[in-house]
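Q: To be precise about what I am sending: the file is called coords.cif and holds mmCIF, C-alpha atoms.
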```cif
data_upload
loop_
_atom_site.label_atom_id
_atom_site.label_comp_id
_atom_site.auth_asym_id
_atom_site.auth_seq_id
_atom_site.Cartn_x
_atom_site.Cartn_y
_atom_site.Cartn_z
CA MET N 1 133.88 113.31 94.04
CA THR N 2 136.23 110.71 92.67
CA GLY N 3 138.03 107.68 94.01
CA LEU N 4 136.55 105.25 96.50
CA PRO N 5 134.11 107.75 98.13
CA GLY N 6 132.41 108.25 94.75
CA ALA N 7 131.93 104.52 94.32
CA ILE N 8 130.58 104.13 97.85
CA LEU N 9 128.19 107.07 97.40
CA TYR N 10 126.99 105.43 94.18
CA LEU N 11 126.48 102.11 95.96
CA ILE N 12 124.29 103.75 98.61
CA LEU N 13 122.54 106.57 96.75
CA ALA N 14 121.98 105.08 93.28
CA PRO N 15 119.07 102.77 94.25
CA LEU N 16 117.41 105.64 96.16
CA ILE N 17 117.79 108.11 93.27
CA GLY N 18 116.91 105.47 90.68
CA GLY N 19 113.79 104.44 92.60
CA VAL N 20 112.55 108.02 93.01
CA LEU N 21 113.22 108.69 89.31
CA ALA N 22 111.19 105.59 88.43
CA GLY N 23 108.37 106.87 90.66
CA VAL N 24 108.46 110.31 89.04
CA ASP N 25 108.44 108.58 85.65
CA ARG N 26 105.27 106.68 86.59
CA ILE N 27 103.50 109.82 87.85
CA ILE N 28 104.38 111.83 84.75
CA THR N 29 103.31 108.96 82.52
CA ALA N 30 99.98 108.75 84.38
CA ARG N 31 99.43 112.52 84.06
CA MET N 32 100.10 112.31 80.32
CA GLN N 33 97.31 109.70 80.15
CA SER N 34 95.06 111.98 82.29
CA ARG N 35 95.34 109.68 85.29
CA VAL N 36 96.46 110.52 88.82
CA GLY N 37 99.17 107.89 89.05
CA PRO N 38 100.77 106.05 91.99
CA PRO N 39 102.66 107.66 94.92
CA VAL N 40 106.22 108.72 94.13
CA PHE N 41 107.68 105.96 96.32
CA GLN N 42 105.62 103.26 94.58
CA PRO N 43 108.71 101.54 93.02
CA PHE N 44 110.11 101.03 96.55
CA TYR N 45 106.81 99.54 97.76
CA ASP N 46 106.87 97.19 94.77
CA VAL N 47 110.42 96.02 95.41
CA LEU N 48 109.88 95.61 99.17
CA LYS N 49 106.74 93.62 98.48
CA LEU N 50 108.55 91.37 95.99
CA LEU N 51 111.28 90.72 98.56
CA GLY N 52 108.59 89.48 100.99
CA LYS N 53 107.10 86.95 98.58
CA ARG N 54 107.90 83.25 98.82
CA PRO N 55 110.64 82.54 96.27
CA ILE N 56 109.70 80.23 93.40
CA VAL N 57 112.76 78.73 91.74
CA VAL N 58 112.15 77.64 88.17
CA ASN N 59 115.80 76.87 87.62
CA ASN N 60 118.70 77.27 90.04
CA PHE N 61 120.79 79.16 87.52
CA ILE N 62 118.34 82.06 87.32
CA ASN N 63 119.13 83.41 90.77
CA PHE N 64 122.88 83.05 90.20
CA TYR N 65 122.77 84.88 86.86
CA VAL N 66 120.47 87.63 88.14
CA THR N 67 122.77 88.21 91.12
CA CYS N 68 125.72 88.43 88.70
CA PHE N 69 123.71 90.96 86.65
CA LEU N 70 123.27 93.15 89.73
CA VAL N 71 126.92 92.77 90.76
CA PHE N 72 128.30 93.70 87.34
CA VAL N 73 125.98 96.70 86.97
CA VAL N 74 127.08 97.92 90.41
CA VAL N 75 130.75 97.29 89.51
CA SER N 76 130.47 99.24 86.25
CA GLY N 77 128.75 102.08 88.10
CA GLY N 78 131.48 101.95 90.73
CA ILE N 79 134.14 102.21 88.03
CA PHE N 80 132.35 105.21 86.54
CA TYR N 81 131.64 107.11 89.75
CA SER N 82 135.12 106.49 91.17
CA GLY N 83 136.51 108.31 88.14
CA GLY N 84 137.72 105.16 86.39
CA ASP N 85 137.94 104.09 82.78
CA VAL N 86 134.83 104.73 80.65
CA LEU N 87 135.64 101.82 78.33
CA LEU N 88 136.04 99.39 81.23
CA CYS N 89 132.74 100.67 82.61
CA ILE N 90 130.94 99.99 79.31
CA PHE N 91 132.47 96.51 79.07
CA ALA N 92 131.42 95.65 82.63
CA LEU N 93 127.92 96.91 81.86
CA THR N 94 127.82 94.65 78.79
CA VAL N 95 128.89 91.64 80.85
CA GLY N 96 126.06 92.47 83.27
CA ALA N 97 123.55 92.60 80.41
CA ILE N 98 124.84 89.24 79.14
CA PHE N 99 124.15 87.72 82.56
CA LEU N 100 120.58 88.99 82.37
CA VAL N 101 120.23 87.34 78.95
CA LEU N 102 121.62 84.08 80.36
CA ALA N 103 119.10 84.29 83.21
CA ALA N 104 116.27 84.64 80.71
CA TYR N 105 117.62 81.73 78.64
CA ALA N 106 117.92 79.43 81.68
CA PRO N 107 114.26 78.42 82.02
CA ASN N 108 112.66 76.53 79.16
CA SER N 109 109.98 79.13 78.59
CA PRO N 110 109.33 80.40 75.06
CA TYR N 111 108.36 83.88 76.32
CA SER N 112 111.49 84.21 78.37
CA ASN N 113 113.65 82.93 75.51
CA ILE N 114 112.14 85.38 73.03
CA GLY N 115 112.83 88.15 75.53
CA ALA N 116 116.45 86.99 75.77
CA GLU N 117 116.85 86.98 72.00
CA ARG N 118 115.37 90.46 71.76
CA GLU N 119 117.70 91.67 74.50
CA LEU N 120 120.67 90.37 72.48
CA LEU N 121 119.39 92.24 69.42
CA GLN N 122 119.05 95.39 71.50
CA MET N 123 122.61 94.98 72.72
CA MET N 124 123.73 94.74 69.09
CA ALA N 125 121.81 97.96 68.47
CA TYR N 126 123.19 100.12 71.29
CA GLU N 127 126.71 98.81 71.74
CA PRO N 128 128.38 100.57 68.73
CA MET N 129 127.03 103.97 69.74
CA LEU N 130 128.13 103.55 73.37
CA LEU N 131 131.66 102.78 72.21
CA ILE N 132 131.69 105.73 69.80
CA ALA N 133 130.58 107.98 72.65
CA ALA N 134 133.52 106.74 74.73
CA MET N 135 135.88 107.30 71.78
CA GLY N 136 134.54 110.82 71.30
CA MET N 137 135.21 111.57 74.95
CA TYR N 138 138.75 110.27 74.50
CA VAL N 139 139.41 112.40 71.40
CA VAL N 140 138.22 115.55 73.15
CA ALA N 141 139.56 115.02 76.66
CA GLY N 142 142.65 112.98 75.78
CA SER N 143 141.81 110.30 78.31
CA PHE N 144 139.33 107.51 78.88
CA HIS N 145 139.21 108.26 82.59
CA VAL N 146 136.04 109.88 83.92
CA HIS N 147 138.29 111.73 86.37
CA ASP N 148 140.09 113.54 83.48
CA ILE N 149 137.01 113.95 81.28
CA MET N 150 135.27 115.72 84.19
CA ARG N 151 138.10 118.24 84.44
CA HIS N 152 138.08 119.21 80.75
CA ARG N 153 137.85 122.99 80.29
CA GLU N 154 134.81 123.07 78.03
CA ALA N 155 131.61 121.04 78.01
CA LEU N 156 131.98 117.94 75.86
CA VAL N 157 128.64 118.60 74.23
CA THR N 158 130.06 121.66 72.39
CA TYR N 159 132.48 119.36 70.55
CA LEU N 160 130.29 116.26 70.42
CA PRO N 161 126.74 117.49 69.68
CA LEU N 162 125.99 114.73 67.17
CA ILE N 163 127.49 112.04 69.38
CA PHE N 164 125.29 113.33 72.21
CA LEU N 165 122.23 113.00 69.95
CA GLY N 166 123.28 109.46 69.01
CA PHE N 167 123.81 108.70 72.69
CA LEU N 168 120.28 109.95 73.46
CA PHE N 169 119.06 107.57 70.77
CA VAL N 170 120.59 104.49 72.39
CA LEU N 171 119.74 105.79 75.87
CA THR N 172 116.11 105.10 74.93
CA ILE N 173 117.02 101.44 74.41
CA LYS N 174 119.07 101.24 77.60
CA LEU N 175 116.39 102.86 79.77
CA ARG N 176 113.87 100.39 78.28
CA LYS N 177 111.64 103.09 76.83
CA SER N 178 109.37 103.00 73.79
CA PRO N 179 109.88 102.83 70.83
CA PHE N 180 112.68 100.38 71.68
CA ASP N 181 111.37 98.51 74.73
CA LEU N 182 111.41 95.20 72.88
CA SER N 183 112.80 92.73 75.40
CA THR N 184 110.93 93.96 78.47
CA SER N 185 108.95 97.08 79.27
CA HIS N 186 107.51 98.94 82.23
CA HIS N 187 104.15 99.29 80.57
CA ALA N 188 103.36 96.15 78.61
CA HIS N 189 102.60 93.88 81.56
CA GLN N 190 100.16 91.89 79.48
CA GLU N 191 102.23 91.28 76.40
CA LEU N 192 104.88 89.03 75.03
CA VAL N 193 107.19 91.96 75.48
CA LYS N 194 107.36 91.36 79.25
CA GLY N 195 109.54 88.53 77.90
CA LEU N 196 112.82 88.83 79.74
CA THR N 197 111.24 88.85 83.20
CA THR N 198 108.39 86.40 82.54
CA GLU N 199 109.93 83.59 84.61
CA PHE N 200 111.32 85.79 87.40
CA SER N 201 109.21 86.18 90.52
CA GLY N 202 109.48 87.55 94.04
CA PRO N 203 113.01 88.39 95.21
CA THR N 204 114.52 87.62 91.77
CA LEU N 205 112.29 90.19 90.09
CA ALA N 206 113.13 92.66 92.85
CA THR N 207 116.86 92.17 92.13
CA VAL N 208 116.32 92.87 88.43
CA GLU N 209 114.41 96.04 89.29
CA VAL N 210 117.09 97.32 91.69
CA ALA N 211 119.81 96.55 89.13
CA HIS N 212 117.80 98.55 86.60
CA TRP N 213 117.81 101.56 88.98
CA TYR N 214 121.59 101.27 89.36
CA GLU N 215 121.87 101.10 85.57
CA ASN N 216 119.69 104.18 85.05
CA VAL N 217 121.75 106.28 87.45
CA LEU N 218 124.95 105.15 85.71
CA LEU N 219 123.54 106.10 82.29
CA LEU N 220 122.43 109.50 83.57
CA GLY N 221 126.02 109.88 84.82
CA PHE N 222 127.10 109.52 81.18
CA VAL N 223 124.67 112.30 80.22
CA TYR N 224 126.08 114.44 83.04
CA LEU N 225 129.58 113.91 81.67
CA PHE N 226 128.66 115.69 78.44
CA PHE N 227 127.84 118.84 80.45
CA ALA N 228 130.30 118.42 83.32
CA ALA N 229 132.29 121.58 82.52
CA TRP N 230 129.31 123.79 83.27
CA SER N 231 128.40 124.35 86.89
CA PRO N 232 127.20 121.12 88.59
CA ALA N 233 123.73 122.59 89.21
CA ILE N 234 123.18 123.32 85.50
CA ALA N 235 124.61 119.96 84.46
CA ILE N 236 122.28 118.12 86.89
CA VAL N 237 119.29 120.10 85.62
CA VAL N 238 120.20 119.27 82.01
CA THR N 239 120.56 115.59 82.97
CA LEU N 240 117.11 115.56 84.60
CA VAL N 241 115.61 117.33 81.58
CA THR N 242 117.14 114.60 79.41
CA TYR N 243 115.44 111.97 81.57
CA LEU N 244 112.09 113.76 81.29
CA PHE N 245 112.60 113.96 77.53
CA GLU N 246 113.04 110.16 77.46
CA VAL N 247 109.81 109.78 79.45
CA LEU N 248 108.05 111.99 76.89
CA ILE N 249 109.45 109.92 74.01
CA ASP N 250 108.32 106.79 75.87
CA ASN N 251 104.76 108.07 75.96
CA ILE N 252 104.38 109.42 72.44
CA TYR N 253 105.85 106.53 70.48
CA ALA N 254 104.50 103.11 69.69
CA ARG N 255 106.85 100.13 69.86
CA LEU N 256 108.90 99.48 66.73
CA THR N 257 110.12 96.17 65.38
CA TRP N 258 113.60 94.86 66.19
CA LYS N 259 114.70 95.35 62.58
CA ILE N 260 113.92 99.07 62.69
CA ALA N 261 115.53 99.32 66.13
CA ILE N 262 118.82 97.85 64.91
CA ARG N 263 118.82 99.63 61.56
CA SER N 264 118.02 103.06 63.00
CA SER N 265 120.46 102.84 65.89
CA TRP N 266 123.26 101.65 63.59
CA TRP N 267 122.44 104.56 61.28
CA ALA N 268 122.63 106.86 64.30
CA ALA N 269 126.00 105.38 65.25
CA GLY N 270 127.31 105.32 61.67
CA VAL N 271 126.16 108.78 60.63
CA LEU N 272 125.90 110.95 63.77
CA GLY N 273 128.65 109.16 65.66
CA ALA N 274 131.17 108.65 62.89
CA ILE N 275 130.79 112.14 61.35
CA ASN N 276 131.19 113.85 64.70
CA LEU N 277 134.13 111.67 65.64
CA LEU N 278 136.00 112.31 62.36
CA ALA N 279 135.20 116.04 62.45
CA VAL N 280 136.55 116.47 65.96
CA TYR N 281 139.55 114.31 65.19
CA TYR N 282 140.65 116.29 62.12
CA MET N 283 139.50 119.80 63.06
CA PHE N 284 140.57 120.08 66.64
CA ARG N 285 143.44 117.60 66.88
CA GLY N 286 146.23 119.16 68.87
CA HIS N 287 144.12 122.17 69.91
CA LEU N 288 142.11 120.57 72.67
CA MET I 1 104.14 96.63 108.09
CA SER I 2 103.74 94.62 104.95
CA PHE I 3 104.12 96.34 101.59
CA LEU I 4 101.66 93.96 99.94
CA LYS I 5 98.86 96.39 100.69
CA ARG I 6 100.64 99.14 98.81
CA SER I 7 101.45 97.20 95.68
CA PRO I 8 98.99 94.41 94.93
CA TRP I 9 99.55 93.19 91.39
CA ILE I 10 96.52 91.55 89.85
CA MET I 11 96.01 88.98 87.15
CA HIS I 12 92.70 88.50 85.42
CA TYR I 13 91.50 85.19 84.01
CA ASP I 14 88.29 84.59 82.10
CA ALA I 15 87.05 81.12 83.06
CA SER I 16 84.18 80.83 80.54
CA SER I 17 82.55 84.12 81.49
CA CYS I 18 80.08 85.87 79.17
CA ASN I 19 82.61 88.79 79.06
CA GLY I 20 80.28 91.12 80.95
CA CYS I 21 82.41 91.03 84.11
CA ASP I 22 85.62 91.05 82.04
CA ILE I 23 84.64 94.35 80.49
CA GLU I 24 83.98 95.77 83.96
CA VAL I 25 87.40 94.52 85.18
CA LEU I 26 89.05 96.30 82.27
CA ALA I 27 86.98 99.40 83.00
CA CYS I 28 88.83 99.63 86.35
CA LEU I 29 92.05 100.18 84.40
CA THR I 30 90.73 103.21 82.56
CA PRO I 31 91.69 106.76 83.59
CA LEU I 32 88.24 107.20 85.21
CA TYR I 33 88.95 104.64 87.98
CA ASP I 34 92.78 104.57 87.65
CA ILE I 35 93.63 101.66 89.96
CA GLU I 36 97.35 102.43 89.60
CA ARG I 37 96.69 105.13 92.26
CA PHE I 38 96.70 102.27 94.76
CA GLY I 39 99.81 100.68 93.27
CA ILE I 40 97.70 98.06 91.51
CA ILE I 41 99.13 96.76 88.24
CA ASN I 42 97.41 94.38 85.84
CA THR I 43 100.22 91.91 85.17
CA GLY I 44 98.98 89.04 83.03
CA ASN I 45 101.70 86.79 84.48
CA PRO I 46 100.88 84.49 87.42
CA LYS I 47 104.48 84.58 88.62
CA HIS I 48 104.26 88.34 89.17
CA ALA I 49 100.71 88.46 90.51
CA ASP I 50 99.43 88.67 94.11
CA ILE I 51 95.70 88.68 93.39
CA LEU I 52 93.93 86.42 90.91
CA LEU I 53 90.67 87.85 89.57
CA ILE I 54 88.50 85.15 88.04
CA THR I 55 85.26 85.70 86.15
CA GLY I 56 82.95 82.96 84.91
CA ALA I 57 81.78 79.62 86.26
CA VAL I 58 84.77 77.43 85.24
CA ASN I 59 84.11 74.50 82.91
CA ASP I 60 85.84 71.22 82.10
CA GLN I 61 88.09 72.82 79.50
CA ASN I 62 89.60 75.48 81.73
CA LYS I 63 89.59 74.00 85.23
CA GLY I 64 93.13 72.68 84.66
CA ILE I 65 94.27 76.12 83.52
CA VAL I 66 92.71 77.78 86.57
CA ARG I 67 94.47 75.34 88.89
CA ASN I 68 97.75 75.79 87.00
CA LEU I 69 97.57 79.59 87.23
CA TYR I 70 96.82 79.38 90.95
CA GLU I 71 99.75 77.06 91.58
CA GLN I 72 102.18 79.26 89.64
CA MET I 73 101.47 82.27 91.85
CA ALA I 74 103.93 82.90 94.68
CA ASP I 75 102.62 83.01 98.27
CA PRO I 76 101.04 85.08 99.75
CA LYS I 77 98.22 85.11 97.21
CA VAL I 78 94.50 85.82 97.13
CA VAL I 79 91.72 84.72 94.77
CA VAL I 80 88.81 87.05 94.04
CA ALA I 81 85.77 85.56 92.27
CA ILE I 82 83.97 88.25 90.27
CA GLY I 83 80.27 87.99 89.47
CA VAL I 84 77.60 85.46 90.39
CA CYS I 85 78.89 82.91 87.86
CA ALA I 86 82.31 82.81 89.53
CA GLY I 87 80.59 82.64 92.91
CA SER I 88 78.09 79.87 92.32
CA GLY I 89 77.73 79.20 88.62
CA GLY I 90 74.97 81.80 88.22
CA ILE I 91 72.47 81.11 85.46
CA PHE I 92 74.82 78.45 84.05
CA ARG I 93 74.75 76.47 87.31
CA GLU I 94 72.68 73.59 85.93
CA CYS I 95 74.68 73.22 82.70
CA TYR I 96 76.25 69.78 82.25
CA ASN I 97 79.74 71.17 81.58
CA VAL I 98 79.92 73.83 84.29
CA HIS I 99 81.69 73.47 87.65
CA ARG I 100 79.42 75.70 89.72
CA GLY I 101 81.88 78.41 90.65
CA VAL I 102 85.58 78.95 91.09
CA ASP I 103 85.69 77.50 94.62
CA SER I 104 84.99 74.07 93.18
CA VAL I 105 88.52 74.14 91.73
CA ILE I 106 90.68 76.48 93.88
CA PRO I 107 90.16 78.19 97.26
CA VAL I 108 88.47 81.60 96.92
CA ASP I 109 88.99 84.44 99.42
CA VAL I 110 86.57 87.12 98.24
CA TYR I 111 83.27 86.83 96.34
CA ILE I 112 82.05 89.90 94.46
CA PRO I 113 78.32 89.82 93.62
CA GLY I 114 76.68 91.29 90.53
CA CYS I 115 75.75 90.39 86.99
CA ALA I 116 77.83 92.05 85.80
CA SER I 117 79.78 93.34 88.85
CA ARG I 118 80.21 97.10 88.78
CA PRO I 119 83.77 98.53 88.71
CA GLU I 120 83.17 100.11 92.14
CA ALA I 121 82.23 96.69 93.53
CA ILE I 122 85.33 95.13 91.93
CA ILE I 123 87.62 97.77 93.44
CA ASP I 124 85.88 97.27 96.80
CA GLY I 125 86.38 93.50 96.52
CA VAL I 126 90.06 93.87 95.66
CA VAL I 127 90.51 96.16 98.68
CA LYS I 128 88.82 93.47 100.84
CA GLY I 129 91.24 91.00 99.29
CA LEU I 130 94.11 93.17 100.54
CA GLY I 131 93.03 92.45 104.11
CA ARG I 132 93.22 88.71 103.41
CA LEU I 133 96.59 89.22 101.72
CA GLU I 134 97.90 90.87 104.90
CA GLU I 135 96.69 87.94 107.02
CA LYS I 136 98.39 85.45 104.69
CA ALA I 137 101.61 87.48 104.67
CA ALA I 138 101.64 87.44 108.48
CA ALA I 139 101.07 83.66 108.42
CA LEU I 140 103.94 83.21 105.93
CA LYS I 141 106.21 85.30 108.14
CA ALA I 142 105.33 83.21 111.21
CA GLU I 143 105.94 80.04 109.21
CA ARG I 144 109.35 81.31 108.11
CA LYS I 145 110.26 82.20 111.68
CA ALA I 146 109.23 78.75 112.85
CA GLY I 147 111.31 77.22 110.04
CA LYS I 148 114.35 79.21 111.17
CA ALA I 149 113.79 78.25 114.82
CA LYS I 150 114.02 74.59 113.87
#
```
Kindly transcribe the structure held in the file into structure tokens.
A:
Amino acid sequence: MTGLPGAILYLILAPLIGGVLAGVDRIITARMQSRVGPPVFQPFYDVLKLLGKRPIVVNNFINFYVTCFLVFVVVSGGIFYSGGDVLLCIFALTVGAIFLVLAAYAPNSPYSNIGAERELLQMMAYEPMLLIAAMGMYVVAGSFHVHDIMRHREALVTYLPLIFLGFLFVLTIKLRKSPFDLSTSHHAHQELVKGLTTEFSGPTLATVEVAHWYENVLLLGFVYLFFAAWSPAIAIVVTLVTYLFEVLIDNIYARLTWKIAIRSSWWAAGVLGAINLLAVYYMFRGHL
Amino acid sequence: MSFLKRSPWIMHYDASSCNGCDIEVLACLTPLYDIERFGIINTGNPKHADILLITGAVNDQNKGIVRNLYEQMADPKVVVAIGVCAGSGGIFRECYNVHRGVDSVIPVDVYIPGCASRPEAIIDGVVKGLGRLEEKAAALKAERKAGKAK
């Protein structure tokens, strides 16, 4: 599944898969808190409702930036699922995140601006590890292209176990899960931490949510890539287990401060990422 | 059909209530009543909310805030007044600084009786509010259609 069909499948299926995953997340979270929880399609009801609300425009730039956020997330996912360059995909994803930050900076609201600043700090936290993961894939597979990485003989995780752990670490930030859901969160509707989306309403908020689903499916694609050499069924199961693990982490941790978030994720990148990268580079160079 | 009924997001504001009704509103969020079953989320942000729950009789200090919150909510929206104070001013009705209920400041759609209102009554009132929300959504849709026809 590479080339244009992959990108088109992603364009159509990603919001469906992402929405169902978000619904499953909410049910599991509710069960962990001994509640029943909403129906599994609740995220779709929410988004469809938001689309039906009367738009309130605080600032004309918000809608433009949020649309750009969605477009760049979809483009980076398209690059990934069409078998394209992992690095290019990560850069496009970063540009998308920057547009979200710009959208949150556009209105003159202190809550929204604090959310934007926290989002920038989070980007500082996860970006090094994402790049190291891409480098690790290059060292093992000899190519930055998803197409070639997929066809590698052995699962990447056997060569990059520490990088995979580091990737899981920053995945928590990217999926907006506790302990690193600083800029906006799915749970803290009452708190300052709803920051980034405070000024978005109706269709704008729906766009952010859909973009988040696209983003989640793209990130789970990265997880899949680590196990791609095994049979697809096993790799998909491992990817889903990873997602459930993130939901578990989300529910058992309290939110940490931004300083700890940056420090710990840079430690993860510097120690887990760098050691694994150097080890693979010197031990297996020429044998892979 | 409208999806408003399946995902009504609420916001709760305490307009000089004695906190009796507020505690009952928060009780609805506990695992015992679990309003998220119905897709209800307590947002705390007027721009995300569909239903405004107000407790207390509204006084001079917060009437501006109540109006501001109401105006920041996107249509279609519904206001639910919880408890006798929010309905009519209750035992504070004759006080010099009290506005005799929420409907003296903003339009109210549903009145929930009780001092304090029980969580079951609050959930029942919110569900009644959903009916009003549907009507308003239909009106908004008709208005949009008319706007396009022009």
Q: Pull out every residue that the PyMOL selection byres ((chain I) within 6 of (chain N)) matches in the shown coordinates and put them as a PyMOL selection string.
A: chain I and resi 3-4+7+31+36-37+39+43-44+47-48+74-75
Q: Give me the residues near range 66-79 of chain N as a ChimeraX atom specification, where near means some atom within 10 Å (using all atoms listed in the file) and where sequence neighbours in that chain fewer than 4 positions away do not count.
A: /N:2-11,14,61-62,83-104,145-146,200,204-205,207-219,221
Q: Include C-alpha atoms and write out the residues we just selected as a CSV table (one decimal), in the coordinates of the input.
A:
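The result, written out as result.csv:
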```csv
chain,number,residue,atom,x,y,z
N,2,THR,CA,136.2,110.7,92.7
N,3,GLY,CA,138.0,107.7,94.0
N,4,LEU,CA,136.6,105.2,96.5
N,5,PRO,CA,134.1,107.8,98.1
N,6,GLY,CA,132.4,108.2,94.8
N,7,ALA,CA,131.9,104.5,94.3
N,8,ILE,CA,130.6,104.1,97.8
N,9,LEU,CA,128.2,107.1,97.4
N,10,TYR,CA,127.0,105.4,94.2
N,11,LEU,CA,126.5,102.1,96.0
N,14,ALA,CA,122.0,105.1,93.3
N,61,PHE,CA,120.8,79.2,87.5
N,62,ILE,CA,118.3,82.1,87.3
N,83,GLY,CA,136.5,108.3,88.1
N,84,GLY,CA,137.7,105.2,86.4
N,85,ASP,CA,137.9,104.1,82.8
N,86,VAL,CA,134.8,104.7,80.6
N,87,LEU,CA,135.6,101.8,78.3
N,88,LEU,CA,136.0,99.4,81.2
N,89,CYS,CA,132.7,100.7,82.6
N,90,ILE,CA,130.9,100.0,79.3
N,91,PHE,CA,132.5,96.5,79.1
N,92,ALA,CA,131.4,95.6,82.6
N,93,LEU,CA,127.9,96.9,81.9
N,94,THR,CA,127.8,94.6,78.8
N,95,VAL,CA,128.9,91.6,80.8
N,96,GLY,CA,126.1,92.5,83.3
N,97,ALA,CA,123.6,92.6,80.4
N,98,ILE,CA,124.8,89.2,79.1
N,99,PHE,CA,124.2,87.7,82.6
N,100,LEU,CA,120.6,89.0,82.4
N,101,VAL,CA,120.2,87.3,79.0
N,102,LEU,CA,121.6,84.1,80.4
N,103,ALA,CA,119.1,84.3,83.2
N,104,ALA,CA,116.3,84.6,80.7
N,145,HIS,CA,139.2,108.3,82.6
N,146,VAL,CA,136.0,109.9,83.9
N,200,PHE,CA,111.3,85.8,87.4
N,204,THR,CA,114.5,87.6,91.8
N,205,LEU,CA,112.3,90.2,90.1
N,207,THR,CA,116.9,92.2,92.1
N,208,VAL,CA,116.3,92.9,88.4
N,209,GLU,CA,114.4,96.0,89.3
N,210,VAL,CA,117.1,97.3,91.7
N,211,ALA,CA,119.8,96.6,89.1
N,212,HIS,CA,117.8,98.6,86.6
N,213,TRP,CA,117.8,101.6,89.0
N,214,TYR,CA,121.6,101.3,89.4
N,215,GLU,CA,121.9,101.1,85.6
N,216,ASN,CA,119.7,104.2,85.0
N,217,VAL,CA,121.8,106.3,87.4
N,218,LEU,CA,125.0,105.2,85.7
N,219,LEU,CA,123.5,106.1,82.3
N,221,GLY,CA,126.0,109.9,84.8
```
Q: Name the residues that the PyMOL selection byres ((chain I and resi 98) around 10) picks from the file above, as an MDAnalysis selection string, using the file's chain letters and numbers.
A: chainID I and resid 16 56:61 63 85 89 92:97 99:101
Q: Convert the current residue selection to file output with C-alpha atoms, as a short mmCIF file (atom, residue, chain, number, x, y, z; two decimals), in the frame of the given file.
A:
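Written output follows (again-v2.cif):
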```cif
data_model
loop_
_atom_site.label_atom_id
_atom_site.label_comp_id
_atom_site.auth_asym_id
_atom_site.auth_seq_id
_atom_site.Cartn_x
_atom_site.Cartn_y
_atom_site.Cartn_z
CA SER I 16 84.18 80.83 80.54
CA GLY I 56 82.95 82.96 84.91
CA ALA I 57 81.78 79.62 86.26
CA VAL I 58 84.77 77.43 85.24
CA ASN I 59 84.11 74.50 82.91
CA ASP I 60 85.84 71.22 82.10
CA GLN I 61 88.09 72.82 79.50
CA LYS I 63 89.59 74.00 85.23
CA CYS I 85 78.89 82.91 87.86
CA GLY I 89 77.73 79.20 88.62
CA PHE I 92 74.82 78.45 84.05
CA ARG I 93 74.75 76.47 87.31
CA GLU I 94 72.68 73.59 85.93
CA CYS I 95 74.68 73.22 82.70
CA TYR I 96 76.25 69.78 82.25
CA ASN I 97 79.74 71.17 81.58
CA HIS I 99 81.69 73.47 87.65
CA ARG I 100 79.42 75.70 89.72
CA GLY I 101 81.88 78.41 90.65
#
```
Q: Can you list what the PyMOL selection byres ((chain N and resi 272) around 9) grabs from this structure, as a JSON list (two decimals) with C-alpha atoms, in the coordinates of the input?
A:
```json
[["chain", "number", "residue", "atom", "x", "y", "z"],
["N", 161, "PRO", "CA", 126.74, 117.49, 69.68],
["N", 162, "LEU", "CA", 125.99, 114.73, 67.17],
["N", 163, "ILE", "CA", 127.49, 112.04, 69.38],
["N", 164, "PHE", "CA", 125.29, 113.33, 72.21],
["N", 165, "LEU", "CA", 122.23, 113.00, 69.95],
["N", 166, "GLY", "CA", 123.28, 109.46, 69.01],
["N", 267, "TRP", "CA", 122.44, 104.56, 61.28],
["N", 268, "ALA", "CA", 122.63, 106.86, 64.30],
["N", 269, "ALA", "CA", 126.00, 105.38, 65.25],
["N", 270, "GLY", "CA", 127.31, 105.32, 61.67],
["N", 271, "VAL", "CA", 126.16, 108.78, 60.63],
["N", 273, "GLY", "CA", 128.65, 109.16, 65.66],
["N", 274, "ALA", "CA", 131.17, 108.65, 62.89],
["N", 275, "ILE", "CA", 130.79, 112.14, 61.35],
["N", 276, "ASN", "CA", 131.19, 113.85, 64.70],
["N", 277, "LEU", "CA", 134.13, 111.67, 65.64]]
```
Q: Neighbouring residues of Gln72 in chain I were defined as those with any atom within 6 Å, considering all atoms listed in the file; residues of the same chain fewer than 2 positions away were excluded. Please report them as a ChimeraX atom specification.
A: /I:46-47,69-70
Q: Could you tell me which of N:Ser183, N:Thr239, N:Asn60, N:Gln122 comes closest to Gly195 in chain N if we count all atoms listed in the file?
A: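 Of all the options, N:Ser183 lies closest to Gly195 in chain N.
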Q: Provide the CA of Tyr243 in chain N to CA of Ala261 in chain N distance in Å, to one decimal place.
A: 20.0 Å
Q: Just the residues within 12 Å of Leu29 in chain I, please, counting all atoms listed in the file, with nothing from its chain fewer than 3 positions along; format it as a list in words.
A: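 After dropping sequence-adjacent residues, the list is Ala30, Gln33, Arg35 and Gly37 of chain N; Ile10, His12, Asp22, Ile23, Glu24, Val25, Leu26, Leu32, Tyr33, Asp34, Ile35, Glu36, Arg37, Phe38, Gly39, Ile40, Ile41, Asn42, Thr43, Pro119, Glu120, Ile122 and Ile123 of chain I.
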